Amino acid sequence: MSAARGFTLIELLVAISLATIITLLGVSLMRTSINTSVNNEEALVRRQALRDAQRLIEYAWSGRQAGGFAAGSAEMQFLTSQKATGNLPLRFVCQPGERDDFALWFYKVPPPAAQPDPAAEALAGEMLVDGLAACSFGYLQAPQDDRQPARWKDEWPAGQAPPTLMRLDLATRRGALPPFVFAVEGT
Amino acid sequence: MNMRRTGPGETAGPSGCGKAAGGFTVIETLVALTLLAAAAGFLMAALGASSRLVRDVRENETAQWLARSRLVEAAAYPDRAPPEDDRPDRYEGVDYRTRIEYREISPLPEIAVDDVARTQRLTEIRVEVSWGSRPSTVQMTAYRKPGPQPGAANAPVAAR
């Protein structure tokens, strides 16, 4: 055996395969952690958007007025006495998005005279939350008598006095969220 | 692995007391590996704790949303109390159980503003949402004046 002895081929092969396995493990760990971080970031941003949307609707709905109410399961329009929202009717819409999802939009509806084309209305809109798996509104029909208890409805007939309680049902990709229930203040 | 062979009476060390080029001994390698493993272990533990914390915060907020919605509903229409917690509600993969309690109370003398308030009875509405295997709970309470007030929702006054 000579004094200056190098690696044998077997040793080298073992070392290289070990290094490869370790590198692969490292890469997959890295990818997992990047994915987790991106998902968490998205979820955080969406949560913040949800909080903001909930606060806005709660504020506007708490001052809901009797007139100008129109509602369906995918959109809702009403007048509010809250000053910060201006004196325009407010409209909240669950709008289908591009990737088989929904987004919650908020519009201040301009008066008819100042509405020359539909594009103007679209421009005034603000997207509150996007990437929702489901989005719908519900309205609580007050109990009419003892036999018929209060119940949630998808639609609200035009001309009927507006409901006190309104709810917003949302779902993300993780699953459904608890309904947000909004009440009119001091009715 | 490139290890130096040591004779029976020889002490091992990288300083090289023998004539061959000094490598690492088994002991040194083991110590280094142990340290590395310990460091990796701490890292994983920290990562796990952080993601658990994120999940806890999210579940807590979901529970608060649920409690708030139930409270608003219950305060507006006490007769429309949902059935007792037979079936939990599932939100984002987690089961939440809701319990709603109504209780007639008299306001404490020291917080009643006048004689009328002192004699008036209030309905305390308490909503408790619990979730998780080692149950975490969120409680919210609202007070409602008695008598028929269709849709009279008082804002939740206390949350903990």
# chains A, B, ... in the order shown; residues from 1 in each chain; ligands from 1
>>> closest_atom_pairs(of="chain B", to="chain A", cutoff="6 Å", atoms="only C-alpha atoms", output="CSV")
residue,atom,partner,partner_atom,distance
B:Leu66,CA,A:Pro178,CA,5.3
B:Ser69,CA,A:Val181,CA,4.8
B:Tyr91,CA,A:Ala176,CA,5.1
B:Glu92,CA,A:Gly175,CA,4.1
B:Ala152,CA,A:Thr187,CA,5.7
>>> residues_around(residues="Gln48 (chain A)", least_positions_apart="5", cutoff="12 Å", atoms="only C-alpha atoms", output="list in words")
Glu41, Glu42, Ala43, Ala53, Gln54, Arg55, Leu128, Val129 and Asp130 of chain A; Arg58 and Glu61 of chain B
>>> select_by_dssp(residues="region 22-155 of chain A", states="alpha helix (DSSP H)", output="ChimeraX atom specification")
/A:22-62,118-124
>>> closest_residue(among="B:Leu47, B:Ala74, B:Leu53, B:Leu108", to="Leu122 (chain B)", atoms="only C-alpha atoms")
B:Leu108
>>> atom_distance(atom1="CA of Thr137 (chain B)", atom2="CA of Asp169 (chain A)")
22.6 Å
>>> closest_residue(among="B:Arg103, B:Arg87, B:Arg134, B:Arg126", to="Arg70 (chain B)", atoms="only C-alpha atoms")
B:Arg126
>>> closest_residue(among="A:Leu13, A:Ala161, A:Leu168, A:Ile22", to="Met76 (chain A)", atoms="only C-alpha atoms")
A:Leu168
>>> residues_around(residues="region 91-93 of chain A", least_positions_apart="4", cutoff="10 Å", atoms="only C-alpha atoms", output="list in words")
Ile57, Phe69, Ala70, Ala71, Gly72, Ser73, Ala74, Glu75, Met76, Gln77, Phe78, Leu79, Phe102, Ala103, Leu104, Trp105, Phe106, Tyr107, Lys108, Val109, Gly125, Glu126, Met127, Leu128, Cys135, Ser136 and Phe137 of chain A
>>> write_last_selection(atoms="N, CA and C atoms", output="compact mmCIF listing (two decimals), in the first residue's frame")
# COMPACT_ATOMS: atom_id res chain seq x y z
N ILE A 57 -69.11 46.61 6.51
CA ILE A 57 -70.53 46.25 6.37
C ILE A 57 -71.26 46.44 7.69
N PHE A 69 -84.10 49.71 -0.17
CA PHE A 69 -83.50 48.41 0.08
C PHE A 69 -83.84 47.43 -1.05
N ALA A 70 -82.84 46.78 -1.59
CA ALA A 70 -83.05 45.77 -2.62
C ALA A 70 -82.05 44.66 -2.35
N ALA A 71 -82.49 43.41 -2.41
CA ALA A 71 -81.59 42.35 -1.99
C ALA A 71 -81.85 41.04 -2.69
N GLY A 72 -80.80 40.31 -2.90
CA GLY A 72 -80.84 38.94 -3.40
C GLY A 72 -79.75 38.16 -2.72
N SER A 73 -79.53 36.93 -3.16
CA SER A 73 -78.51 36.14 -2.47
C SER A 73 -77.10 36.55 -2.89
N ALA A 74 -76.97 37.16 -4.07
CA ALA A 74 -75.63 37.52 -4.53
C ALA A 74 -75.35 39.01 -4.43
N GLU A 75 -76.37 39.81 -4.21
CA GLU A 75 -76.10 41.24 -4.02
C GLU A 75 -77.16 41.92 -3.19
N MET A 76 -76.80 43.11 -2.73
CA MET A 76 -77.66 43.79 -1.77
C MET A 76 -77.38 45.28 -1.87
N GLN A 77 -78.42 46.06 -1.80
CA GLN A 77 -78.26 47.51 -1.91
C GLN A 77 -79.11 48.19 -0.86
N PHE A 78 -78.55 49.17 -0.20
CA PHE A 78 -79.35 49.87 0.82
C PHE A 78 -78.80 51.26 1.06
N LEU A 79 -79.63 52.06 1.73
CA LEU A 79 -79.23 53.41 2.12
C LEU A 79 -78.87 53.38 3.59
N PHE A 102 -64.92 33.60 -6.09
CA PHE A 102 -65.78 34.77 -5.93
C PHE A 102 -65.00 35.89 -5.27
N ALA A 103 -65.48 37.10 -5.52
CA ALA A 103 -64.91 38.25 -4.84
C ALA A 103 -66.06 39.10 -4.34
N LEU A 104 -65.87 39.71 -3.18
CA LEU A 104 -66.88 40.60 -2.62
C LEU A 104 -66.54 42.03 -3.02
N TRP A 105 -67.48 42.68 -3.70
CA TRP A 105 -67.25 44.03 -4.19
C TRP A 105 -68.16 45.01 -3.49
N PHE A 106 -67.70 46.24 -3.42
CA PHE A 106 -68.44 47.31 -2.76
C PHE A 106 -68.56 48.48 -3.73
N TYR A 107 -69.78 48.96 -3.92
CA TYR A 107 -70.00 50.10 -4.80
C TYR A 107 -70.77 51.18 -4.07
N LYS A 108 -70.44 52.40 -4.40
CA LYS A 108 -71.34 53.49 -4.04
C LYS A 108 -72.08 53.83 -5.32
N VAL A 109 -73.39 53.67 -5.28
CA VAL A 109 -74.16 53.82 -6.51
C VAL A 109 -74.42 55.30 -6.77
N GLY A 125 -66.25 50.94 -8.11
CA GLY A 125 -66.26 49.78 -7.23
C GLY A 125 -64.93 49.54 -6.54
N GLU A 126 -65.02 48.86 -5.43
CA GLU A 126 -63.81 48.53 -4.69
C GLU A 126 -63.91 47.05 -4.30
N MET A 127 -62.87 46.30 -4.60
CA MET A 127 -62.90 44.90 -4.23
C MET A 127 -62.50 44.75 -2.78
N LEU A 128 -63.38 44.13 -1.98
CA LEU A 128 -63.08 43.99 -0.56
C LEU A 128 -62.28 42.71 -0.28
N CYS A 135 -69.79 32.75 -1.59
CA CYS A 135 -70.15 34.08 -1.10
C CYS A 135 -71.64 34.27 -1.31
N SER A 136 -72.40 34.48 -0.25
CA SER A 136 -73.83 34.75 -0.42
C SER A 136 -74.37 35.54 0.77
N PHE A 137 -75.47 36.24 0.52
CA PHE A 137 -76.14 37.01 1.57
C PHE A 137 -77.39 36.27 2.02
>>> atom_distance(atom1="CA of Ser106 (chain B)", atom2="CA of Ala75 (chain B)")
17.4 Å
>>> atom_distance(atom1="CA of Val54 (chain B)", atom2="CA of Thr32 (chain A)")
16.5 Å
